[in-house]
file coords10.cif (mmCIF, C-alpha atoms)
data_run
loop_
_atom_site.group_PDB
_atom_site.id
_atom_site.type_symbol
_atom_site.label_atom_id
_atom_site.label_comp_id
_atom_site.auth_asym_id
_atom_site.auth_seq_id
_atom_site.Cartn_x
_atom_site.Cartn_y
_atom_site.Cartn_z
ATOM 1 C CA MET A 1 -11.725 8.873 21.497
ATOM 2 C CA GLN A 2 -14.326 7.318 19.295
ATOM 3 C CA GLN A 3 -13.845 4.114 17.393
ATOM 4 C CA GLN A 4 -15.257 2.826 14.194
ATOM 5 C CA ARG A 5 -16.368 -0.731 13.436
ATOM 6 C CA MET A 6 -17.270 -1.052 9.834
ATOM 7 C CA THR A 7 -17.127 -3.331 6.858
ATOM 8 C CA ILE A 8 -15.640 -1.943 3.673
ATOM 9 C CA GLN A 9 -16.225 -3.500 0.262
ATOM 10 C CA PHE A 10 -13.913 -3.393 -2.698
ATOM 11 C CA GLN A 11 -14.052 -4.945 -6.160
ATOM 12 C CA ALA A 12 -11.150 -6.566 -7.953
ATOM 13 C CA ILE A 13 -10.079 -4.279 -10.824
ATOM 14 C CA ALA A 14 -7.488 -6.677 -12.260
ATOM 15 C CA THR A 15 -5.938 -10.140 -11.975
ATOM 16 C CA VAL A 16 -2.264 -11.083 -11.680
ATOM 17 C CA HIS A 17 -0.880 -13.775 -13.980
ATOM 18 C CA SER A 18 2.367 -15.183 -12.605
ATOM 19 C CA PRO A 19 4.374 -18.432 -12.613
ATOM 20 C CA PHE A 20 3.446 -19.096 -8.970
ATOM 21 C CA GLN A 21 0.619 -21.597 -8.502
ATOM 22 C CA ASP A 22 1.613 -22.700 -5.026
ATOM 23 C CA ARG A 23 2.039 -20.661 -1.867
ATOM 24 C CA VAL A 24 5.053 -22.693 -0.790
ATOM 25 C CA GLY A 25 8.462 -21.877 -2.301
ATOM 26 C CA MET A 26 7.589 -18.361 -3.512
ATOM 27 C CA PRO A 27 9.784 -15.286 -3.230
ATOM 28 C CA ILE A 28 8.680 -13.383 -0.141
ATOM 29 C CA GLN A 29 9.168 -9.881 -1.561
ATOM 30 C CA PRO A 30 9.761 -8.344 -5.023
ATOM 31 C CA THR A 31 13.466 -7.992 -4.119
ATOM 32 C CA GLY A 32 13.553 -11.811 -4.039
ATOM 33 C CA ALA A 33 11.738 -12.110 -7.378
ATOM 34 C CA GLU A 34 14.208 -10.319 -9.637
ATOM 35 C CA GLY A 35 13.558 -11.172 -13.259
ATOM 36 C CA ILE A 36 10.296 -13.053 -12.622
ATOM 37 C CA GLN A 37 7.834 -11.797 -15.218
ATOM 38 C CA GLY A 38 4.073 -11.686 -15.129
ATOM 39 C CA THR A 39 1.126 -9.601 -16.212
ATOM 40 C CA VAL A 40 -1.645 -7.628 -14.608
ATOM 41 C CA GLU A 41 -4.815 -8.003 -16.662
ATOM 42 C CA VAL A 42 -7.018 -5.018 -15.926
ATOM 43 C CA LEU A 43 -10.762 -5.388 -16.462
ATOM 44 C CA PRO A 44 -11.572 -3.580 -19.733
ATOM 45 C CA GLU A 45 -14.004 -1.212 -18.004
ATOM 46 C CA PHE A 46 -11.084 0.240 -15.999
ATOM 47 C CA ALA A 47 -8.643 0.474 -18.938
ATOM 48 C CA PRO A 48 -9.137 4.249 -19.424
ATOM 49 C CA GLY A 49 -7.646 4.708 -15.943
ATOM 50 C CA LEU A 50 -4.321 3.285 -17.183
ATOM 51 C CA GLN A 51 -3.548 6.237 -19.454
ATOM 52 C CA ASP A 52 -0.064 7.715 -18.706
ATOM 53 C CA LEU A 53 0.925 4.738 -16.538
ATOM 54 C CA GLU A 54 3.576 3.721 -19.091
ATOM 55 C CA GLY A 55 5.626 6.779 -18.120
ATOM 56 C CA PHE A 56 6.408 5.184 -14.757
ATOM 57 C CA SER A 57 9.074 2.514 -14.311
ATOM 58 C CA HIS A 58 7.589 1.092 -11.099
ATOM 59 C CA LEU A 59 4.065 0.498 -9.827
ATOM 60 C CA ILE A 60 2.612 -0.085 -6.389
ATOM 61 C CA LEU A 61 0.153 -2.970 -6.536
ATOM 62 C CA ILE A 62 -2.329 -3.336 -3.691
ATOM 63 C CA TYR A 63 -3.975 -6.728 -3.789
ATOM 64 C CA HIS A 64 -6.035 -9.284 -1.967
ATOM 65 C CA LEU A 65 -4.017 -12.168 -0.494
ATOM 66 C CA HIS A 66 -6.891 -14.340 -1.629
ATOM 67 C CA GLN A 67 -5.601 -17.685 -0.418
ATOM 68 C CA ILE A 68 -5.238 -16.608 3.190
ATOM 69 C CA GLN A 69 -8.018 -18.181 5.220
ATOM 70 C CA ASN A 70 -6.899 -17.481 8.769
ATOM 71 C CA SER A 71 -5.286 -14.477 10.308
ATOM 72 C CA GLN A 72 -3.003 -14.537 13.297
ATOM 73 C CA LEU A 73 -2.129 -11.622 15.548
ATOM 74 C CA THR A 74 1.341 -12.956 16.282
ATOM 75 C CA VAL A 75 3.470 -14.797 13.751
ATOM 76 C CA VAL A 76 6.970 -16.155 13.233
ATOM 77 C CA PRO A 77 7.905 -14.331 10.014
ATOM 78 C CA PHE A 78 9.780 -16.006 7.147
ATOM 79 C CA LEU A 79 12.825 -13.886 8.012
ATOM 80 C CA ASP A 80 12.868 -14.648 11.725
ATOM 81 C CA THR A 81 12.733 -17.368 14.360
ATOM 82 C CA GLU A 82 10.878 -15.338 16.995
ATOM 83 C CA THR A 83 7.210 -14.512 17.387
ATOM 84 C CA ARG A 84 6.306 -10.944 16.359
ATOM 85 C CA GLY A 85 3.129 -8.912 16.233
ATOM 86 C CA VAL A 86 1.678 -9.383 12.758
ATOM 87 C CA PHE A 87 1.580 -5.625 12.081
ATOM 88 C CA ALA A 88 5.357 -5.511 12.673
ATOM 89 C CA THR A 89 5.794 -8.032 9.828
ATOM 90 C CA ARG A 90 4.895 -8.422 6.161
ATOM 91 C CA SER A 91 3.325 -11.832 6.890
ATOM 92 C CA PRO A 92 0.328 -12.563 4.647
ATOM 93 C CA ALA A 93 -1.800 -13.972 7.509
ATOM 94 C CA ARG A 94 -3.075 -10.508 8.487
ATOM 95 C CA PRO A 95 -6.497 -9.475 9.865
ATOM 96 C CA ASN A 96 -7.158 -7.832 6.482
ATOM 97 C CA PRO A 97 -5.153 -9.895 3.979
ATOM 98 C CA ILE A 98 -3.945 -6.958 1.882
ATOM 99 C CA GLY A 99 -0.684 -7.318 -0.018
ATOM 100 C CA LEU A 100 1.593 -4.541 -1.258
ATOM 101 C CA SER A 101 4.299 -5.003 -3.884
ATOM 102 C CA ILE A 102 6.358 -2.527 -5.860
ATOM 103 C CA VAL A 103 6.996 -4.062 -9.270
ATOM 104 C CA GLN A 104 8.746 -2.863 -12.390
ATOM 105 C CA LEU A 105 6.563 -2.012 -15.386
ATOM 106 C CA LEU A 106 8.064 -3.276 -18.646
ATOM 107 C CA ARG A 107 5.304 -2.102 -20.959
ATOM 108 C CA ARG A 108 1.571 -1.677 -21.325
ATOM 109 C CA ASP A 109 -0.491 -3.307 -24.102
ATOM 110 C CA GLU A 110 -3.882 -1.647 -23.692
ATOM 111 C CA ASN A 111 -5.298 -3.248 -20.508
ATOM 112 C CA ILE A 112 -2.385 -5.663 -19.985
ATOM 113 C CA LEU A 113 0.541 -4.520 -17.852
ATOM 114 C CA HIS A 114 3.737 -6.496 -18.361
ATOM 115 C CA ILE A 115 5.629 -6.471 -15.082
ATOM 116 C CA VAL A 116 8.792 -7.925 -13.600
ATOM 117 C CA ASN A 117 9.885 -8.781 -10.047
ATOM 118 C CA VAL A 118 6.572 -10.534 -9.448
ATOM 119 C CA ASP A 119 6.151 -12.089 -5.988
ATOM 120 C CA MET A 120 2.399 -12.714 -6.263
ATOM 121 C CA LEU A 121 0.396 -15.877 -6.741
ATOM 122 C CA ASP A 122 -1.215 -16.515 -10.104
ATOM 123 C CA GLY A 123 -4.834 -15.355 -9.951
ATOM 124 C CA THR A 124 -4.288 -12.700 -7.277
ATOM 125 C CA PRO A 125 -7.083 -10.083 -7.404
ATOM 126 C CA VAL A 126 -5.699 -6.540 -7.638
ATOM 127 C CA LEU A 127 -7.502 -3.745 -5.779
ATOM 128 C CA ASP A 128 -5.480 -0.687 -6.749
ATOM 129 C CA ILE A 129 -2.576 0.373 -8.934
ATOM 130 C CA LYS A 130 -0.596 3.470 -7.976
ATOM 131 C CA PRO A 131 2.509 5.008 -9.522
ATOM 132 C CA TYR A 132 5.623 4.536 -7.403
ATOM 133 C CA ILE A 133 7.029 7.970 -6.598
ATOM 134 C CA PRO A 134 10.103 7.714 -4.337
ATOM 135 C CA ASP A 135 9.942 11.450 -3.650
ATOM 136 C CA PHE A 136 6.822 10.736 -1.581
ATOM 137 C CA ASP A 137 8.791 8.380 0.684
ATOM 138 C CA PRO A 138 10.520 9.376 3.921
ATOM 139 C CA ARG A 139 13.953 10.905 3.484
ATOM 140 C CA THR A 140 15.066 10.738 7.102
ATOM 141 C CA GLU A 141 16.908 7.904 8.758
ATOM 142 C CA VAL A 142 14.841 4.740 8.920
ATOM 143 C CA LYS A 143 14.909 2.187 11.762
ATOM 144 C CA MET A 144 13.795 -1.327 10.852
ATOM 145 C CA GLY A 145 13.320 -3.066 14.220
ATOM 146 C CA TRP A 146 13.747 -6.829 14.171
ATOM 147 C CA VAL A 147 14.323 -6.804 10.400
ATOM 148 C CA GLU A 148 17.731 -5.103 10.790
ATOM 149 C CA GLN A 149 19.607 -8.355 11.351
ATOM 150 C CA ALA A 150 17.573 -10.309 8.787
ATOM 151 C CA LYS A 151 17.326 -7.868 5.900
ATOM 152 C CA GLY A 152 20.097 -9.383 3.767
ATOM 153 C CA GLN A 153 18.211 -12.677 3.624
ATOM 154 C CA VAL A 154 15.122 -11.441 1.810
ATOM 155 C CA VAL A 155 16.606 -11.935 -1.654
ATOM 156 C CA ASN A 156 17.006 -15.705 -1.241
ATOM 157 C CA ARG A 157 14.440 -16.695 1.369
ATOM 158 C CA LYS A 158 11.357 -18.471 -0.013
ATOM 159 C CA SER A 159 7.950 -18.916 1.542
ATOM 160 C CA ASP A 160 7.109 -22.149 3.341
ATOM 161 C CA ASP A 161 3.893 -23.646 4.678
ATOM 162 C CA ARG A 162 3.660 -21.699 7.922
ATOM 163 C CA PHE A 163 0.724 -19.543 6.821
ATOM 164 C CA LEU A 164 -1.287 -22.208 4.948
ATOM 165 C CA MET B 165 -6.699 -15.283 -19.999
ATOM 166 C CA GLN B 166 -9.328 -15.574 -17.361
ATOM 167 C CA GLN B 167 -10.674 -12.670 -15.389
ATOM 168 C CA GLN B 168 -12.072 -12.368 -11.954
ATOM 169 C CA ARG B 169 -15.015 -10.262 -10.858
ATOM 170 C CA MET B 170 -15.396 -10.386 -7.148
ATOM 171 C CA THR B 171 -16.259 -8.377 -4.113
ATOM 172 C CA ILE B 172 -13.794 -8.377 -1.247
ATOM 173 C CA GLN B 173 -14.707 -7.357 2.276
ATOM 174 C CA PHE B 174 -12.433 -5.846 4.870
ATOM 175 C CA GLN B 175 -12.985 -4.547 8.382
ATOM 176 C CA ALA B 176 -11.491 -1.384 9.825
ATOM 177 C CA ILE B 177 -8.838 -2.357 12.384
ATOM 178 C CA ALA B 178 -8.113 1.202 13.558
ATOM 179 C CA THR B 179 -9.107 4.846 13.222
ATOM 180 C CA VAL B 180 -6.911 7.865 12.432
ATOM 181 C CA HIS B 181 -7.168 10.941 14.640
ATOM 182 C CA SER B 182 -5.746 13.986 12.874
ATOM 183 C CA PRO B 183 -6.208 17.774 12.767
ATOM 184 C CA PHE B 184 -7.868 17.536 9.326
ATOM 185 C CA GLN B 185 -11.664 17.720 9.406
ATOM 186 C CA ASP B 186 -12.084 19.005 5.880
ATOM 187 C CA ARG B 187 -10.958 17.519 2.599
ATOM 188 C CA VAL B 188 -10.064 20.933 1.200
ATOM 189 C CA GLY B 189 -6.697 22.481 2.140
ATOM 190 C CA MET B 190 -5.030 19.270 3.293
ATOM 191 C CA PRO B 191 -1.472 18.196 2.539
ATOM 192 C CA ILE B 192 -1.594 15.870 -0.454
ATOM 193 C CA GLN B 193 1.164 13.505 0.712
ATOM 194 C CA PRO B 194 3.073 12.846 3.963
ATOM 195 C CA THR B 195 6.023 14.836 2.525
ATOM 196 C CA GLY B 196 3.700 17.856 2.617
ATOM 197 C CA ALA B 197 2.601 17.133 6.193
ATOM 198 C CA GLU B 198 5.941 17.382 7.964
ATOM 199 C CA GLY B 199 5.458 17.837 11.691
ATOM 200 C CA ILE B 200 1.685 17.239 11.636
ATOM 201 C CA GLN B 201 0.940 14.865 14.509
ATOM 202 C CA GLY B 202 -1.885 12.444 14.958
ATOM 203 C CA THR B 203 -2.706 9.041 16.351
ATOM 204 C CA VAL B 204 -3.861 5.690 15.057
ATOM 205 C CA GLU B 205 -6.231 4.121 17.567
ATOM 206 C CA VAL B 206 -6.194 0.381 17.014
ATOM 207 C CA LEU B 207 -9.235 -1.629 18.120
ATOM 208 C CA PRO B 208 -8.260 -3.379 21.382
ATOM 209 C CA GLU B 209 -8.913 -6.824 19.893
ATOM 210 C CA PHE B 210 -6.063 -6.247 17.416
ATOM 211 C CA ALA B 211 -3.599 -4.776 19.949
ATOM 212 C CA PRO B 212 -1.574 -8.021 20.306
ATOM 213 C CA GLY B 213 -0.639 -7.629 16.632
ATOM 214 C CA LEU B 214 1.221 -4.387 17.451
ATOM 215 C CA GLN B 215 3.990 -6.103 19.425
ATOM 216 C CA ASP B 216 7.472 -5.135 18.107
ATOM 217 C CA LEU B 217 6.072 -2.298 15.976
ATOM 218 C CA GLU B 218 7.849 0.275 18.162
ATOM 219 C CA GLY B 219 11.187 -0.905 16.735
ATOM 220 C CA PHE B 220 10.312 0.673 13.382
ATOM 221 C CA SER B 221 10.650 4.385 12.701
ATOM 222 C CA HIS B 222 8.157 4.418 9.812
ATOM 223 C CA LEU B 223 4.881 2.637 9.097
ATOM 224 C CA ILE B 224 2.896 2.017 5.949
ATOM 225 C CA LEU B 225 -0.766 2.763 6.590
ATOM 226 C CA ILE B 226 -3.319 1.353 4.156
ATOM 227 C CA TYR B 227 -6.674 2.984 4.670
ATOM 228 C CA HIS B 228 -10.122 3.618 3.297
ATOM 229 C CA LEU B 229 -10.558 7.047 1.699
ATOM 230 C CA HIS B 230 -13.947 7.038 3.356
ATOM 231 C CA GLN B 231 -15.220 10.393 2.132
ATOM 232 C CA ILE B 232 -14.795 9.592 -1.540
ATOM 233 C CA GLN B 233 -18.216 8.993 -3.051
ATOM 234 C CA ASN B 234 -17.434 8.941 -6.750
ATOM 235 C CA SER B 235 -14.553 7.518 -8.671
ATOM 236 C CA GLN B 236 -13.257 8.830 -11.955
ATOM 237 C CA LEU B 237 -11.117 6.975 -14.466
ATOM 238 C CA THR B 238 -9.379 10.137 -15.614
ATOM 239 C CA VAL B 239 -8.514 13.036 -13.334
ATOM 240 C CA VAL B 240 -6.589 16.289 -13.275
ATOM 241 C CA PRO B 241 -4.269 15.609 -10.318
ATOM 242 C CA PHE B 242 -3.453 18.241 -7.678
ATOM 243 C CA LEU B 243 0.099 18.439 -9.094
ATOM 244 C CA ASP B 244 -0.899 18.862 -12.716
ATOM 245 C CA THR B 245 -3.071 20.763 -15.169
ATOM 246 C CA GLU B 246 -3.621 17.889 -17.591
ATOM 247 C CA THR B 247 -5.975 14.933 -17.492
ATOM 248 C CA ARG B 248 -4.318 11.643 -16.533
ATOM 249 C CA GLY B 249 -5.485 8.069 -16.040
ATOM 250 C CA VAL B 250 -6.386 7.733 -12.359
ATOM 251 C CA PHE B 251 -4.021 4.750 -11.869
ATOM 252 C CA ALA B 252 -1.137 6.984 -13.018
ATOM 253 C CA THR B 253 -1.949 9.379 -10.146
ATOM 254 C CA ARG B 254 -2.356 9.328 -6.373
ATOM 255 C CA SER B 255 -5.784 10.972 -6.687
ATOM 256 C CA PRO B 256 -8.228 9.811 -4.002
ATOM 257 C CA ALA B 257 -11.149 9.432 -6.443
ATOM 258 C CA ARG B 258 -10.120 5.874 -7.398
ATOM 259 C CA PRO B 259 -12.325 2.865 -8.300
ATOM 260 C CA ASN B 260 -11.318 1.348 -4.951
ATOM 261 C CA PRO B 261 -10.683 4.341 -2.672
ATOM 262 C CA ILE B 262 -7.631 2.897 -0.922
ATOM 263 C CA GLY B 263 -5.061 5.300 0.495
ATOM 264 C CA LEU B 264 -1.409 4.608 1.251
ATOM 265 C CA SER B 265 0.778 6.782 3.477
ATOM 266 C CA ILE B 266 4.193 6.229 5.007
ATOM 267 C CA VAL B 267 4.225 7.998 8.366
ATOM 268 C CA GLN B 268 6.788 8.303 11.115
ATOM 269 C CA LEU B 269 6.061 6.425 14.360
ATOM 270 C CA LEU B 270 6.918 8.517 17.419
ATOM 271 C CA ARG B 271 5.852 5.987 20.053
ATOM 272 C CA ARG B 272 3.288 3.351 20.915
ATOM 273 C CA ASP B 273 1.092 3.507 24.039
ATOM 274 C CA GLU B 274 -0.546 0.082 24.041
ATOM 275 C CA ASN B 275 -3.095 0.294 21.205
ATOM 276 C CA ILE B 276 -2.424 3.965 20.388
ATOM 277 C CA LEU B 277 0.226 4.776 17.787
ATOM 278 C CA HIS B 278 1.534 8.341 17.923
ATOM 279 C CA ILE B 279 2.539 9.322 14.408
ATOM 280 C CA VAL B 280 3.855 12.362 12.558
ATOM 281 C CA ASN B 281 3.636 13.526 8.910
ATOM 282 C CA VAL B 282 -0.086 12.804 8.921
ATOM 283 C CA ASP B 283 -1.880 13.570 5.645
ATOM 284 C CA MET B 284 -5.112 11.740 6.486
ATOM 285 C CA LEU B 285 -8.554 13.004 7.412
ATOM 286 C CA ASP B 286 -9.710 12.673 11.006
ATOM 287 C CA GLY B 287 -11.788 9.520 11.334
ATOM 288 C CA THR B 288 -10.123 7.644 8.474
ATOM 289 C CA PRO B 289 -10.630 3.872 8.858
ATOM 290 C CA VAL B 290 -7.332 1.966 8.724
ATOM 291 C CA LEU B 291 -7.273 -1.445 7.003
ATOM 292 C CA ASP B 292 -3.675 -2.514 7.519
ATOM 293 C CA ILE B 293 -0.451 -1.440 9.191
ATOM 294 C CA LYS B 294 2.862 -2.679 7.788
ATOM 295 C CA PRO B 295 6.435 -1.876 8.797
ATOM 296 C CA TYR B 296 8.239 0.325 6.279
ATOM 297 C CA ILE B 297 11.334 -1.538 5.090
ATOM 298 C CA PRO B 298 13.202 0.476 2.440
ATOM 299 C CA ASP B 299 15.293 -2.604 1.566
ATOM 300 C CA PHE B 300 12.128 -4.070 0.013
ATOM 301 C CA ASP B 301 11.874 -1.117 -2.377
ATOM 302 C CA PRO B 302 13.327 -0.971 -5.893
ATOM 303 C CA ARG B 303 16.994 -0.020 -6.048
ATOM 304 C CA THR B 304 17.220 0.593 -9.776
ATOM 305 C CA GLU B 305 16.653 3.869 -11.514
ATOM 306 C CA VAL B 306 13.072 5.069 -11.214
ATOM 307 C CA LYS B 307 11.125 6.959 -13.891
ATOM 308 C CA MET B 308 8.231 9.072 -12.661
ATOM 309 C CA GLY B 309 6.315 9.945 -15.841
ATOM 310 C CA TRP B 310 4.303 13.153 -15.657
ATOM 311 C CA VAL B 311 5.293 13.688 -12.019
ATOM 312 C CA GLU B 312 8.928 14.459 -12.987
ATOM 313 C CA GLN B 313 8.256 18.121 -13.651
ATOM 314 C CA ALA B 314 5.859 18.520 -10.723
ATOM 315 C CA LYS B 315 7.578 16.607 -7.963
ATOM 316 C CA GLY B 316 9.113 19.620 -6.187
ATOM 317 C CA GLN B 317 5.639 21.051 -5.602
ATOM 318 C CA VAL B 318 4.276 18.264 -3.422
ATOM 319 C CA VAL B 319 5.627 19.754 -0.194
ATOM 320 C CA ASN B 320 3.531 22.901 -0.461
ATOM 321 C CA ARG B 321 0.572 21.941 -2.630
ATOM 322 C CA LYS B 322 -2.722 21.505 -0.718
ATOM 323 C CA SER B 323 -5.841 19.673 -1.731
ATOM 324 C CA ASP B 324 -8.752 21.577 -3.223
ATOM 325 C CA ASP B 325 -12.346 20.683 -4.010
ATOM 326 C CA ARG B 326 -11.772 18.848 -7.285
ATOM 327 C CA PHE B 327 -12.576 15.407 -5.867
ATOM 328 C CA LEU B 328 -15.498 16.347 -3.594
#
call {"tool": "encode", "arguments": {"input": "coords10.cif", "output": "structure tokens"}}
result
Amino acid sequence: MQQQRMTIQFQAIATVHSPFQDRVGMPIQPTGAEGIQGTVEVLPEFAPGLQDLEGFSHLILIYHLHQIQNSQLTVVPFLDTETRGVFATRSPARPNPIGLSIVQLLRRDENILHIVNVDMLDGTPVLDIKPYIPDFDPRTEVKMGWVEQAKGQVVNRKSDDRFL
Amino acid sequence: MQQQRMTIQFQAIATVHSPFQDRVGMPIQPTGAEGIQGTVEVLPEFAPGLQDLEGFSHLILIYHLHQIQNSQLTVVPFLDTETRGVFATRSPARPNPIGLSIVQLLRRDENILHIVNVDMLDGTPVLDIKPYIPDFDPRTEVKMGWVEQAKGQVVNRKSDDRFL
């Protein structure tokens, strides 16, 4: 089988504004950020691409975890005490520091998206915005590996300094 | 509010092997690709990051839609006959051509992930692999905008040449 080694370039299309200035003490997923409001300020040149977005209650934001300097291939995740392969976790210290959050869209004012359940740092560069369509998700039974015993904790667990 | 204009670089960590050589006639989402098998071949240097992944039944793949040359800010999506803002669609012709698919993991052989429900082109460069954890998804009622009336069609609708 052939392999591909290549560099891929993207441009930020938007910036997150949130109450979180510090990587320590943040919610670790949107489910732990209930009620936290913020905005996504889309660069005006991309504003025409936002048409019809207001019909959706939830958005998928794909963003650059811009304060991650070092990646690790194995990590002790916030929800665990054991070392796991980084791709089996949502740890931010990934080879490509790409974040994914599903947030609720409150309203759109032209190029400003008002969102809630924000678990992103202030200033986070956004790469893509997609509508959240649960019908596109798997419907079969889902196994969640090591997360099974930890999943109830995600609402209250905050980030610490392990990935600084 | 301040804005950020920046270029962000990522490296492919893996390559998709799938039966799809041509962008026309493909399933448009994993829900339309039921039973289609493929593999994700992870570069050996990243293989230690795959530890524990086999405990999860479903993976989120974030990948480069590498055959997209032009982006459009408004598109007529495969599921619709009207023009929509590209960020309100899953169209591949996006400003940053980043794809997102949730696939089922059948098994892992070292750095090879055997997956099913593959809706990606053969040779697609993968940027990130995350475990799919439905508990991290929204639990409240979800509104799906223009997709509401079209959602039943996604299983059978195939791609055509509109984004070539």
call {"tool": "axis_aligned_box", "arguments": {"input": "coords10.cif", "around": "segment 186-194 of chain B", "padding_each_side": "5 Å", "output": "AutoDock Vina command-line options"}}
result
--center_x -4.5 --center_y 17.7 --center_z 2.7 --size_x 25.2 --size_y 19.6 --size_z 16.3
call {"tool": "atom_distance", "arguments": {"input": "coords10.cif", "atom1": "atom CA of Gln11 of chain A", "atom2": "atom CA of Met120 of chain A"}}
result
18.2 Å
call {"tool": "atom_distance", "arguments": {"input": "coords10.cif", "atom1": "atom CA of Thr124 of chain A", "atom2": "atom CA of Leu207 of chain B"}}
result
28.1 Å
call {"tool": "resolve_selection", "arguments": {"input": "coords10.cif", "expression": "the PyMOL selection byres ((chain A and resi 78) around 12)", "output": "JSON, numbers by chain"}}
result
{"A": [24, 25, 26, 27, 28, 29, 75, 76, 77, 79, 80, 81, 82, 83, 84, 86, 89, 90, 91, 92, 93, 147, 150, 151, 153, 154, 155, 156, 157, 158, 159, 160, 161, 162, 163]}
call {"tool": "atom_distance", "arguments": {"input": "coords10.cif", "atom1": "atom CA of Leu121 of chain A", "atom2": "atom CA of Phe20 of chain A"}}
result
5.0 Å
call {"tool": "residues_around", "arguments": {"input": "coords10.cif", "residues": "segment 140-144 of chain A", "least_positions_apart": "3", "cutoff": "10 Å", "atoms": "all atoms listed in the file", "output": "PDB file with C-alpha atoms, keeping the file's coordinate frame"}}
result
ATOM      1  CA  ALA A  88       5.357  -5.511  12.673  1.00  0.00           C
ATOM      2  CA  ASP A 137       8.791   8.380   0.684  1.00  0.00           C
ATOM      3  CA  VAL A 147      14.323  -6.804  10.400  1.00  0.00           C
ATOM      4  CA  GLU A 148      17.731  -5.103  10.790  1.00  0.00           C
ATOM      5  CA  GLN A 149      19.607  -8.355  11.351  1.00  0.00           C
ATOM      6  CA  ALA A 150      17.573 -10.309   8.787  1.00  0.00           C
ATOM      7  CA  LYS A 151      17.326  -7.868   5.900  1.00  0.00           C
TER       8      LYS A 151
ATOM      9  CA  LEU B 217       6.072  -2.298  15.976  1.00  0.00           C
ATOM     10  CA  GLU B 218       7.849   0.275  18.162  1.00  0.00           C
ATOM     11  CA  GLY B 219      11.187  -0.905  16.735  1.00  0.00           C
ATOM     12  CA  PHE B 220      10.312   0.673  13.382  1.00  0.00           C
ATOM     13  CA  SER B 221      10.650   4.385  12.701  1.00  0.00           C
ATOM     14  CA  HIS B 222       8.157   4.418   9.812  1.00  0.00           C
ATOM     15  CA  LEU B 223       4.881   2.637   9.097  1.00  0.00           C
ATOM     16  CA  GLN B 268       6.788   8.303  11.115  1.00  0.00           C
ATOM     17  CA  PRO B 295       6.435  -1.876   8.797  1.00  0.00           C
ATOM     18  CA  TYR B 296       8.239   0.325   6.279  1.00  0.00           C
ATOM     19  CA  ILE B 297      11.334  -1.538   5.090  1.00  0.00           C
ATOM     20  CA  PRO B 298      13.202   0.476   2.440  1.00  0.00           C
ATOM     21  CA  ASP B 299      15.293  -2.604   1.566  1.00  0.00           C
TER      22      ASP B 299
END
call {"tool": "resolve_selection", "arguments": {"input": "coords10.cif", "expression": "the PyMOL selection byres ((chain B and resi 178) around 9)", "output": "PyMOL selection string"}}
result
(chain A and resi 3-5) or (chain B and resi 176-177+179-180+204-207+210+288-292)
call {"tool": "resolve_selection", "arguments": {"input": "coords10.cif", "expression": "the PyMOL selection byres ((chain A and resi 68) around 10)", "output": "list in words"}}
result
Arg23, His64, Leu65, His66, Gln67, Gln69, Asn70, Ser71, Pro92, Ala93, Arg94, Pro95, Asn96, Pro97, Ile98, Phe163 and Leu164 of chain A
call {"tool": "closest_residue", "arguments": {"input": "coords10.cif", "among": "A:Thr74, A:Ile115, A:His17, A:Tyr63", "to": "Ile129 of chain A", "atoms": "only C-alpha atoms"}}
result
A:Tyr63
call {"tool": "closest_residue", "arguments": {"input": "coords10.cif", "among": "B:Ile172, B:Trp310, B:Asn275, B:Leu264", "to": "Leu61 of chain A", "atoms": "all atoms listed in the file"}}
result
B:Leu264
call {"tool": "closest_residue", "arguments": {"input": "coords10.cif", "among": "B:Arg271, B:Thr171, B:Val282, B:Leu277", "to": "chain A", "atoms": "all atoms listed in the file"}}
result
B:Thr171
call {"tool": "closest_residue", "arguments": {"input": "coords10.cif", "among": "B:Glu209, B:Asp186, B:Asp216, B:Glu198", "to": "chain A", "atoms": "only C-alpha atoms"}}
result
B:Asp216
call {"tool": "closest_residue", "arguments": {"input": "coords10.cif", "among": "A:Ser18, A:Asn117, A:Gln72, A:Gln51", "to": "chain B", "atoms": "all atoms listed in the file"}}
result
A:Gln51
call {"tool": "closest_residue", "arguments": {"input": "coords10.cif", "among": "A:Pro30, A:Gly35, A:Pro19, A:Pro44", "to": "chain B", "atoms": "only C-alpha atoms"}}
result
A:Pro30
call {"tool": "build_atoms", "arguments": {"input": "coords10.cif", "residues": "segment 271-277 of chain B", "atoms": "N, CA and C atoms", "output": "compact mmCIF listing (two decimals), in the coordinates of the input"}}
result
# COMPACT_ATOMS: atom_id res chain seq x y z
N ARG B 271 5.86 6.97 18.95
CA ARG B 271 5.85 5.99 20.05
C ARG B 271 4.53 5.24 20.04
N ARG B 272 4.52 4.13 20.78
CA ARG B 272 3.29 3.35 20.92
C ARG B 272 2.90 3.32 22.39
N ASP B 273 1.66 3.68 22.70
CA ASP B 273 1.09 3.51 24.04
C ASP B 273 0.02 2.43 23.91
N GLU B 274 0.38 1.21 24.19
CA GLU B 274 -0.55 0.08 24.04
C GLU B 274 -1.16 0.09 22.64
N ASN B 275 -2.46 0.36 22.53
CA ASN B 275 -3.10 0.29 21.20
C ASN B 275 -3.14 1.65 20.49
N ILE B 276 -2.45 2.64 21.02
CA ILE B 276 -2.42 3.96 20.39
C ILE B 276 -1.04 4.21 19.77
N LEU B 277 -1.03 4.45 18.48
CA LEU B 277 0.23 4.78 17.79
C LEU B 277 0.30 6.29 17.59
